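Peer 1: Please find one structure pasted underneath; my questions will follow.
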Amino acid sequence: MPIPSIQHQDPPVPFFDQTESFTSLWPLIARHTDDVFDRGKFSHGRKVAELERALAEYTGAKHAVAVNSGTDALVILLRAAGIGPGDEVVVPAFSFFASASSVSMAGATPVFADITTDGDYGLDAASVEAVIGERTRAVLPVHLFSQLADMTALTELARRHGLMVLEDSAEAIGMRWDGTHAGLLGTGGVLSFFPTKTLGALGDAGMVLTNDDEVAEKAGVLRHHGRMGKTIDHIAGISNLSGVSGTNSKMDDVQAAVLLAKLSRLDRDIARRRELADAYTARLRGTDGVLALPRTVPRPVRADPVFYVYLLEVERRDELAAHLAARGIGTETYYPRPLPLQPCYTDEGRNRPGRFPHAEAASERTLALPLYPDLTEEQLETVCATISDFYAGRR
């Protein structure tokens, strides 16, 4: 298969770009995709099973269950763990919308807790404890940006209250806590392979991670219309009886092919992201008062950070974003409104402004800079110089 023609006219520093990586990886991607085309099974086939084995080995998970998005992975994990109508799940107020909507889609109710002030943007254990009630079944830590939430505090809290820990580890591939990969510190977790992720597909794809045999079996059934028995790489499985009301969340083999190729250089990409993050920190150091740089929170065990994005907290955030955009530099705002203040959740009496001060402050101040393996030192310098010009008043 010939290399595809890639035509783009990007700004000087796009927020995300993988053209160079994709081009250099194309021979390996082509070998995997040729295998898919030669076999003629394009969904839920052999390449997906191969990816499941590879991700299980990389993460140390007993089971890796491939699905078609990180959001579906969360919904399926929740359902497979027995979460449903009448249950409550504690979710951080500061996260991507799917952290809460997946709970709703599973039929349960998200109950929000504030985040810490440590700099990890993770669930605050004291805030979680304050909202635990009779219907609480699980705690859903989210691992954001570059490091894990405080899993020592959160797992101990869950143990004391008899709750499950289900991890939204969508951004956390490569992150480990005392040697255990994110998503495997409780009942289960998920990975997202959205294109901008540390390991990204060319579209949507996701994975459920678990060491629990029953959860894995249920997740495998739920992803394919509730079909029981063998279905992956088994065309006849479409006629299997359905034991539960499942959904169509099979991963496409072309996405699995791309992910297998990119997995071969994942550790190199993670190291490159760290180099770029260190370069940002060195270049932007000394900006106290207007910029708060990311920092790795000290933990009682080894916790391996992975820079998915480089997140600042800044004064005049929206003005700075506009200044950078006007000069062709892409940024991303994470997340401009806390989850409990989203329109679909604000009708609940306990979700109102002022109840989640740390999440609300983060929503007003956070801005992510471009960070991906193809980013060059020259581009990084352009970003930093443009930020310095803004705060120096040179418009």
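Naming scheme: A, B, ... for chains in displayed order of the structure tokens; residues 1 onward per chain; ligands 1 onward as shown.
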Report as a ChimeraX atom specification all protein, DNA and RNA residues lying within 12 Å of Pro357 (chain A), evaluated on only C-alpha atoms, omitting residues in the same chain fewer than 6 positions from it.
Peer 2: /A:93-94,113-117,124,127,338,340-341,351,363-364
Peer 1: Fewer than 2 positions away in the same chain doesn't count, so skip those; otherwise give me all residues within 12 Å of Leu148 (chain A), counting only C-alpha atoms, as a VMD selection string.
Peer 2: chain A and resid 118 to 123 141 to 146 150 to 154 167 to 178 180 to 183 185 296 to 299 301 to 308
Peer 1: One number please: CA of Ile232 (chain A) to CA of Gly45 (chain A), in Å, one decimal.
Peer 2: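 For CA of Ile232 (chain A) relative to CA of Gly45 (chain A), the distance reads 5.6 Å.
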Peer 1: So which residues touch Ala54 (chain A) within 9 Å, counting only C-alpha atoms, skipping near sequence neighbours fewer than 3 positions away, as a VMD selection string?
Peer 2: chain A and resid 49 to 51 57 to 59 64 260 263
Peer 1: Can you write just those residues out, N, CA and C atoms, as a compact mmCIF listing (two decimals), in the first residue's frame?
Peer 2:
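See out-v1.txt below for the written result:
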```txt
# COMPACT_ATOMS: atom_id res chain seq x y z
N ALA A 49 -7.65 -8.43 18.49
CA ALA A 49 -7.20 -9.38 19.49
C ALA A 49 -5.70 -9.25 19.73
N GLU A 50 -4.95 -8.97 18.67
CA GLU A 50 -3.50 -8.78 18.80
C GLU A 50 -3.20 -7.54 19.65
N LEU A 51 -3.96 -6.47 19.43
CA LEU A 51 -3.77 -5.27 20.24
C LEU A 51 -4.12 -5.53 21.70
N GLU A 57 0.06 -6.93 27.91
CA GLU A 57 1.47 -7.12 28.25
C GLU A 57 2.11 -5.81 28.68
N TYR A 58 1.80 -4.72 27.97
CA TYR A 58 2.43 -3.44 28.28
C TYR A 58 2.00 -2.92 29.66
N THR A 59 0.72 -3.07 29.97
CA THR A 59 0.21 -2.53 31.23
C THR A 59 0.31 -3.51 32.39
N ALA A 64 -7.45 -7.03 28.79
CA ALA A 64 -7.60 -5.78 28.06
C ALA A 64 -8.71 -6.00 27.03
N LEU A 260 -1.09 -0.62 17.08
CA LEU A 260 0.00 -1.58 17.23
C LEU A 260 1.31 -0.99 16.71
N LEU A 263 2.38 1.70 19.18
CA LEU A 263 2.78 1.14 20.46
C LEU A 263 4.27 0.78 20.46
```
Peer 1: From a backbone DSSP assignment, name each residue in region 111-250 of chain A labelled strand (DSSP E or B), as an NGL selection string.
Peer 2: :A and (111-113 or 115 or 123 or 136-139 or 142 or 164-168 or 176-177 or 180-181 or 188-192 or 206-210 or 224 or 227 or 242 or 248)
Peer 1: Write a file of the selected residues as a tab-separated table (two decimals), in the first residue's frame, keeping N, CA, C and O atoms.
Peer 2:
```tsv
chain	number	residue	atom	x	y	z
A	111	VAL	N	-22.02	11.99	41.61
A	111	VAL	CA	-21.99	12.92	42.75
A	111	VAL	C	-20.60	13.53	42.75
A	111	VAL	O	-19.59	12.82	42.72
A	112	PHE	N	-20.54	14.85	42.81
A	112	PHE	CA	-19.27	15.54	42.56
A	112	PHE	C	-18.54	15.89	43.84
A	112	PHE	O	-19.15	16.27	44.84
A	113	ALA	N	-17.22	15.77	43.78
A	113	ALA	CA	-16.34	16.18	44.87
A	113	ALA	C	-15.27	17.09	44.29
A	113	ALA	O	-14.97	17.04	43.10
A	115	ILE	N	-11.43	18.91	43.81
A	115	ILE	CA	-10.08	18.40	43.56
A	115	ILE	C	-9.13	18.96	44.60
A	115	ILE	O	-9.45	19.88	45.36
A	123	LEU	N	-9.02	13.91	42.54
A	123	LEU	CA	-10.02	13.94	43.60
A	123	LEU	C	-9.37	14.18	44.96
A	123	LEU	O	-8.36	13.56	45.30
A	136	THR	N	-23.94	5.38	47.64
A	136	THR	CA	-22.62	5.43	46.99
A	136	THR	C	-22.07	4.03	46.80
A	136	THR	O	-22.00	3.24	47.75
A	137	ARG	N	-21.69	3.71	45.57
A	137	ARG	CA	-21.16	2.39	45.27
A	137	ARG	C	-19.69	2.43	44.86
A	137	ARG	O	-18.99	1.42	44.97
A	138	ALA	N	-19.25	3.56	44.31
A	138	ALA	CA	-17.89	3.59	43.77
A	138	ALA	C	-17.32	5.01	43.79
A	138	ALA	O	-18.06	5.99	43.84
A	139	VAL	N	-16.01	5.06	43.75
A	139	VAL	CA	-15.26	6.30	43.58
A	139	VAL	C	-14.57	6.21	42.23
A	139	VAL	O	-13.98	5.18	41.88
A	142	VAL	N	-9.95	10.39	38.44
A	142	VAL	CA	-9.52	10.69	37.07
A	142	VAL	C	-8.06	11.11	37.13
A	142	VAL	O	-7.68	11.96	37.93
A	164	MET	N	-16.12	0.45	45.60
A	164	MET	CA	-15.23	0.10	44.50
A	164	MET	C	-14.44	1.33	44.07
A	164	MET	O	-14.91	2.46	44.20
A	165	VAL	N	-13.26	1.08	43.52
A	165	VAL	CA	-12.49	2.12	42.83
A	165	VAL	C	-12.48	1.78	41.35
A	165	VAL	O	-11.99	0.72	40.95
A	166	LEU	N	-13.04	2.65	40.54
A	166	LEU	CA	-13.06	2.50	39.08
A	166	LEU	C	-12.35	3.72	38.52
A	166	LEU	O	-12.75	4.86	38.77
A	167	GLU	N	-11.28	3.51	37.77
A	167	GLU	CA	-10.40	4.62	37.36
A	167	GLU	C	-10.73	5.11	35.95
A	167	GLU	O	-10.80	4.32	35.02
A	168	ASP	N	-10.91	6.42	35.84
A	168	ASP	CA	-10.90	7.05	34.53
A	168	ASP	C	-9.43	7.36	34.23
A	168	ASP	O	-8.93	8.44	34.50
A	176	ARG	N	2.29	4.79	36.27
A	176	ARG	CA	2.26	3.67	37.22
A	176	ARG	C	2.36	4.19	38.64
A	176	ARG	O	2.97	5.22	38.90
A	177	TRP	N	1.76	3.41	39.55
A	177	TRP	CA	1.77	3.73	40.98
A	177	TRP	C	2.41	2.55	41.71
A	177	TRP	O	1.83	1.48	41.76
A	180	THR	N	2.38	-0.47	39.58
A	180	THR	CA	1.10	-0.91	39.02
A	180	THR	C	0.58	0.14	38.04
A	180	THR	O	0.51	1.32	38.37
A	181	HIS	N	0.22	-0.31	36.86
A	181	HIS	CA	-0.22	0.62	35.83
A	181	HIS	C	-1.57	1.24	36.18
A	181	HIS	O	-2.43	0.60	36.81
A	188	GLY	N	-11.02	-1.76	38.07
A	188	GLY	CA	-10.67	-1.65	36.66
A	188	GLY	C	-10.51	-0.20	36.24
A	188	GLY	O	-10.78	0.72	37.01
A	189	GLY	N	-10.06	-0.01	35.02
A	189	GLY	CA	-9.87	1.32	34.47
A	189	GLY	C	-10.03	1.29	32.96
A	189	GLY	O	-10.43	0.29	32.39
A	190	VAL	N	-9.69	2.40	32.33
A	190	VAL	CA	-9.88	2.52	30.89
A	190	VAL	C	-8.69	3.24	30.26
A	190	VAL	O	-7.93	3.93	30.93
A	191	LEU	N	-8.57	3.08	28.94
A	191	LEU	CA	-7.67	3.87	28.14
A	191	LEU	C	-8.46	4.48	26.99
A	191	LEU	O	-9.37	3.84	26.46
A	192	SER	N	-8.10	5.71	26.65
A	192	SER	CA	-8.64	6.33	25.44
A	192	SER	C	-7.53	6.44	24.41
A	192	SER	O	-6.39	6.78	24.75
A	206	GLY	N	-10.89	2.73	22.27
A	206	GLY	CA	-10.68	2.70	23.71
A	206	GLY	C	-10.44	1.29	24.20
A	206	GLY	O	-10.50	0.32	23.43
A	207	MET	N	-10.17	1.16	25.50
A	207	MET	CA	-9.84	-0.14	26.08
A	207	MET	C	-10.26	-0.16	27.54
A	207	MET	O	-10.07	0.82	28.27
A	208	VAL	N	-10.83	-1.27	27.97
A	208	VAL	CA	-11.09	-1.54	29.38
A	208	VAL	C	-9.94	-2.38	29.91
A	208	VAL	O	-9.56	-3.39	29.28
A	209	LEU	N	-9.36	-1.99	31.04
A	209	LEU	CA	-8.31	-2.75	31.71
A	209	LEU	C	-8.84	-3.27	33.04
A	209	LEU	O	-9.46	-2.52	33.80
A	210	THR	N	-8.59	-4.53	33.33
A	210	THR	CA	-9.01	-5.08	34.62
A	210	THR	C	-8.27	-6.38	34.90
A	210	THR	O	-7.85	-7.09	33.98
A	224	HIS	N	-20.55	-6.09	22.47
A	224	HIS	CA	-21.03	-6.68	21.22
A	224	HIS	C	-22.47	-7.13	21.38
A	224	HIS	O	-22.80	-8.30	21.28
A	227	ARG	N	-23.74	-10.30	23.19
A	227	ARG	CA	-23.52	-11.65	22.66
A	227	ARG	C	-22.64	-12.45	23.60
A	227	ARG	O	-21.56	-12.01	24.01
A	242	SER	N	-27.83	-13.32	23.08
A	242	SER	CA	-27.50	-12.15	23.90
A	242	SER	C	-27.98	-12.38	25.33
A	242	SER	O	-29.16	-12.60	25.56
A	248	ASN	N	-23.20	-1.66	20.54
A	248	ASN	CA	-22.25	-1.89	19.44
A	248	ASN	C	-21.02	-1.04	19.70
A	248	ASN	O	-20.98	0.13	19.34
```
Peer 1: Excluding same-chain residues fewer than 3 positions from Arg337 (chain A), what lies within 12 Å of it counting only C-alpha atoms, as a PDB file with N, CA, C and O atoms, in the first residue's frame?
Peer 2:
```
ATOM      1  N   ALA A  93     -15.070  17.162  40.225  1.00  0.00           N
ATOM      2  CA  ALA A  93     -15.780  18.270  39.589  1.00  0.00           C
ATOM      3  C   ALA A  93     -15.008  18.845  38.410  1.00  0.00           C
ATOM      4  O   ALA A  93     -15.584  19.535  37.571  1.00  0.00           O
ATOM      5  N   PHE A  94     -13.722  18.552  38.328  1.00  0.00           N
ATOM      6  CA  PHE A  94     -12.869  19.078  37.267  1.00  0.00           C
ATOM      7  C   PHE A  94     -12.367  17.917  36.425  1.00  0.00           C
ATOM      8  O   PHE A  94     -11.473  17.176  36.826  1.00  0.00           O
ATOM      9  N   SER A  95     -12.955  17.739  35.249  1.00  0.00           N
ATOM     10  CA  SER A  95     -12.570  16.659  34.346  1.00  0.00           C
ATOM     11  C   SER A  95     -13.295  16.846  33.029  1.00  0.00           C
ATOM     12  O   SER A  95     -14.152  17.725  32.892  1.00  0.00           O
ATOM     13  N   PHE A  96     -12.979  16.001  32.063  1.00  0.00           N
ATOM     14  CA  PHE A  96     -13.720  15.970  30.814  1.00  0.00           C
ATOM     15  C   PHE A  96     -15.133  15.471  31.080  1.00  0.00           C
ATOM     16  O   PHE A  96     -15.365  14.672  31.983  1.00  0.00           O
ATOM     17  N   PHE A  97     -16.075  15.916  30.264  1.00  0.00           N
ATOM     18  CA  PHE A  97     -17.488  15.643  30.498  1.00  0.00           C
ATOM     19  C   PHE A  97     -17.794  14.151  30.603  1.00  0.00           C
ATOM     20  O   PHE A  97     -18.674  13.733  31.364  1.00  0.00           O
ATOM     21  N   THR A 333      -8.175  24.888  26.316  1.00  0.00           N
ATOM     22  CA  THR A 333      -8.629  25.257  27.648  1.00  0.00           C
ATOM     23  C   THR A 333      -9.251  24.033  28.320  1.00  0.00           C
ATOM     24  O   THR A 333     -10.242  23.509  27.854  1.00  0.00           O
ATOM     25  N   TYR A 334      -8.627  23.591  29.402  1.00  0.00           N
ATOM     26  CA  TYR A 334      -9.131  22.465  30.199  1.00  0.00           C
ATOM     27  C   TYR A 334      -9.539  22.982  31.576  1.00  0.00           C
ATOM     28  O   TYR A 334      -8.683  23.446  32.322  1.00  0.00           O
ATOM     29  N   PRO A 340     -20.104  19.857  37.684  1.00  0.00           N
ATOM     30  CA  PRO A 340     -21.389  20.067  38.363  1.00  0.00           C
ATOM     31  C   PRO A 340     -22.091  21.353  37.948  1.00  0.00           C
ATOM     32  O   PRO A 340     -23.274  21.532  38.268  1.00  0.00           O
ATOM     33  N   LEU A 341     -21.397  22.221  37.225  1.00  0.00           N
ATOM     34  CA  LEU A 341     -22.009  23.462  36.753  1.00  0.00           C
ATOM     35  C   LEU A 341     -22.380  23.391  35.278  1.00  0.00           C
ATOM     36  O   LEU A 341     -22.796  24.391  34.691  1.00  0.00           O
ATOM     37  N   GLN A 342     -22.241  22.216  34.675  1.00  0.00           N
ATOM     38  CA  GLN A 342     -22.739  22.016  33.315  1.00  0.00           C
ATOM     39  C   GLN A 342     -24.270  22.060  33.343  1.00  0.00           C
ATOM     40  O   GLN A 342     -24.896  21.640  34.326  1.00  0.00           O
ATOM     41  N   PRO A 343     -24.907  22.567  32.276  1.00  0.00           N
ATOM     42  CA  PRO A 343     -26.367  22.728  32.299  1.00  0.00           C
ATOM     43  C   PRO A 343     -27.143  21.465  32.666  1.00  0.00           C
ATOM     44  O   PRO A 343     -28.169  21.534  33.343  1.00  0.00           O
ATOM     45  N   TYR A 345     -26.401  19.194  34.745  1.00  0.00           N
ATOM     46  CA  TYR A 345     -26.246  18.786  36.141  1.00  0.00           C
ATOM     47  C   TYR A 345     -26.585  19.889  37.141  1.00  0.00           C
ATOM     48  O   TYR A 345     -26.760  19.612  38.327  1.00  0.00           O
ATOM     49  N   THR A 346     -26.696  21.126  36.691  1.00  0.00           N
ATOM     50  CA  THR A 346     -26.917  22.213  37.640  1.00  0.00           C
ATOM     51  C   THR A 346     -28.317  22.222  38.239  1.00  0.00           C
ATOM     52  O   THR A 346     -28.571  22.951  39.185  1.00  0.00           O
ATOM     53  N   ARG A 352     -23.952  23.772  42.672  1.00  0.00           N
ATOM     54  CA  ARG A 352     -24.125  25.205  42.464  1.00  0.00           C
ATOM     55  C   ARG A 352     -22.779  25.905  42.647  1.00  0.00           C
ATOM     56  O   ARG A 352     -21.872  25.378  43.311  1.00  0.00           O
ATOM     57  N   PRO A 353     -22.615  27.071  42.053  1.00  0.00           N
ATOM     58  CA  PRO A 353     -21.347  27.789  42.155  1.00  0.00           C
ATOM     59  C   PRO A 353     -20.945  28.019  43.611  1.00  0.00           C
ATOM     60  O   PRO A 353     -21.784  28.273  44.471  1.00  0.00           O
ATOM     61  N   PHE A 356     -17.467  24.083  44.851  1.00  0.00           N
ATOM     62  CA  PHE A 356     -16.277  23.359  44.390  1.00  0.00           C
ATOM     63  C   PHE A 356     -15.176  24.388  44.083  1.00  0.00           C
ATOM     64  O   PHE A 356     -14.786  24.574  42.925  1.00  0.00           O
ATOM     65  N   ALA A 359     -11.971  23.329  41.965  1.00  0.00           N
ATOM     66  CA  ALA A 359     -12.308  23.022  40.575  1.00  0.00           C
ATOM     67  C   ALA A 359     -12.685  24.285  39.811  1.00  0.00           C
ATOM     68  O   ALA A 359     -12.301  24.475  38.645  1.00  0.00           O
ATOM     69  N   GLU A 360     -13.425  25.158  40.463  1.00  0.00           N
ATOM     70  CA  GLU A 360     -13.856  26.398  39.805  1.00  0.00           C
ATOM     71  C   GLU A 360     -12.656  27.293  39.504  1.00  0.00           C
ATOM     72  O   GLU A 360     -12.588  27.916  38.434  1.00  0.00           O
ATOM     73  N   ALA A 361     -11.692  27.343  40.424  1.00  0.00           N
ATOM     74  CA  ALA A 361     -10.493  28.146  40.184  1.00  0.00           C
ATOM     75  C   ALA A 361      -9.690  27.573  39.025  1.00  0.00           C
ATOM     76  O   ALA A 361      -9.193  28.320  38.162  1.00  0.00           O
ATOM     77  N   ALA A 362      -9.546  26.256  38.981  1.00  0.00           N
ATOM     78  CA  ALA A 362      -8.809  25.630  37.881  1.00  0.00           C
ATOM     79  C   ALA A 362      -9.484  25.900  36.544  1.00  0.00           C
ATOM     80  O   ALA A 362      -8.816  26.151  35.530  1.00  0.00           O
ATOM     81  N   SER A 363     -10.804  25.869  36.515  1.00  0.00           N
ATOM     82  CA  SER A 363     -11.538  26.097  35.270  1.00  0.00           C
ATOM     83  C   SER A 363     -11.316  27.498  34.720  1.00  0.00           C
ATOM     84  O   SER A 363     -11.430  27.728  33.513  1.00  0.00           O
ATOM     85  N   GLU A 364     -10.998  28.424  35.596  1.00  0.00           N
ATOM     86  CA  GLU A 364     -10.790  29.812  35.170  1.00  0.00           C
ATOM     87  C   GLU A 364      -9.345  30.103  34.788  1.00  0.00           C
ATOM     88  O   GLU A 364      -9.078  31.121  34.138  1.00  0.00           O
ATOM     89  N   ARG A 365      -8.409  29.206  35.149  1.00  0.00           N
ATOM     90  CA  ARG A 365      -6.992  29.537  35.009  1.00  0.00           C
ATOM     91  C   ARG A 365      -6.183  28.608  34.113  1.00  0.00           C
ATOM     92  O   ARG A 365      -5.093  28.976  33.676  1.00  0.00           O
ATOM     93  N   THR A 366      -6.669  27.411  33.824  1.00  0.00           N
ATOM     94  CA  THR A 366      -5.822  26.430  33.157  1.00  0.00           C
ATOM     95  C   THR A 366      -5.776  26.625  31.651  1.00  0.00           C
ATOM     96  O   THR A 366      -6.793  26.894  31.008  1.00  0.00           O
TER      97      THR A 366
END
```
Peer 1: When you count only C-alpha atoms, which of these residues is closest to Glu129 (chain A): A:Gln255, A:Glu156, A:Val67, A:Asp17?
Peer 2: A:Glu156
Peer 1: So how many Å separate CA of Glu217 (chain A) and CA of Lys230 (chain A), to one decimal?
Peer 2: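 If I compute the distance from CA of Glu217 (chain A) to CA of Lys230 (chain A), I get 10.5 Å.
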Peer 1: Find, counting only C-alpha atoms, the residue in A:Ala66, A:Ala108, A:Val91, A:Leu77 that gets nearest to Lys218 (chain A).
Peer 2: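 Using only C-alpha atoms, Lys218 (chain A) sits closest to A:Leu77.
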Peer 1: What's the 10 Å shell around Ala292 (chain A), counting only C-alpha atoms, without same-chain residues fewer than 4 positions away, as an MDAnalysis selection string?
Peer 2: chainID A and resid 119 284:288 311:315 365:366
Peer 1: Just C-alpha atoms for this one: save the residues we selected as a PDB file, in the first residue's frame.
Peer 2:
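Done, and the output landed in result-v3.pdb:
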```
ATOM      1  CA  GLY A 119      -1.309  20.345  41.563  1.00  0.00           C
ATOM      2  CA  LEU A 284       9.258  29.605  31.530  1.00  0.00           C
ATOM      3  CA  ARG A 285      10.828  29.430  34.983  1.00  0.00           C
ATOM      4  CA  GLY A 286      10.865  32.735  36.796  1.00  0.00           C
ATOM      5  CA  THR A 287       7.347  33.713  35.780  1.00  0.00           C
ATOM      6  CA  ASP A 288       5.902  33.314  39.283  1.00  0.00           C
ATOM      7  CA  LEU A 311      -0.775  22.608  31.617  1.00  0.00           C
ATOM      8  CA  LEU A 312      -0.288  26.116  32.953  1.00  0.00           C
ATOM      9  CA  GLU A 313      -2.369  28.079  35.395  1.00  0.00           C
ATOM     10  CA  VAL A 314      -2.247  31.657  34.225  1.00  0.00           C
ATOM     11  CA  GLU A 315      -3.479  35.132  34.899  1.00  0.00           C
ATOM     12  CA  ARG A 365      -6.992  29.537  35.009  1.00  0.00           C
ATOM     13  CA  THR A 366      -5.822  26.430  33.157  1.00  0.00           C
TER      14      THR A 366
END
```
Peer 1: Go ahead and compute the interatomic distance for CA of Thr23 (chain A) and CA of Phe42 (chain A), in Å to one decimal.
Peer 2: 22.7 Å
Peer 1: Point out the residue among A:Arg274, A:Phe390, A:Arg355, A:Pro110 with the least atom-to-atom distance to Ala326 (chain A), counting only C-alpha atoms.
Peer 2: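 Closest to Ala326 (chain A) of all the choices is A:Phe390.
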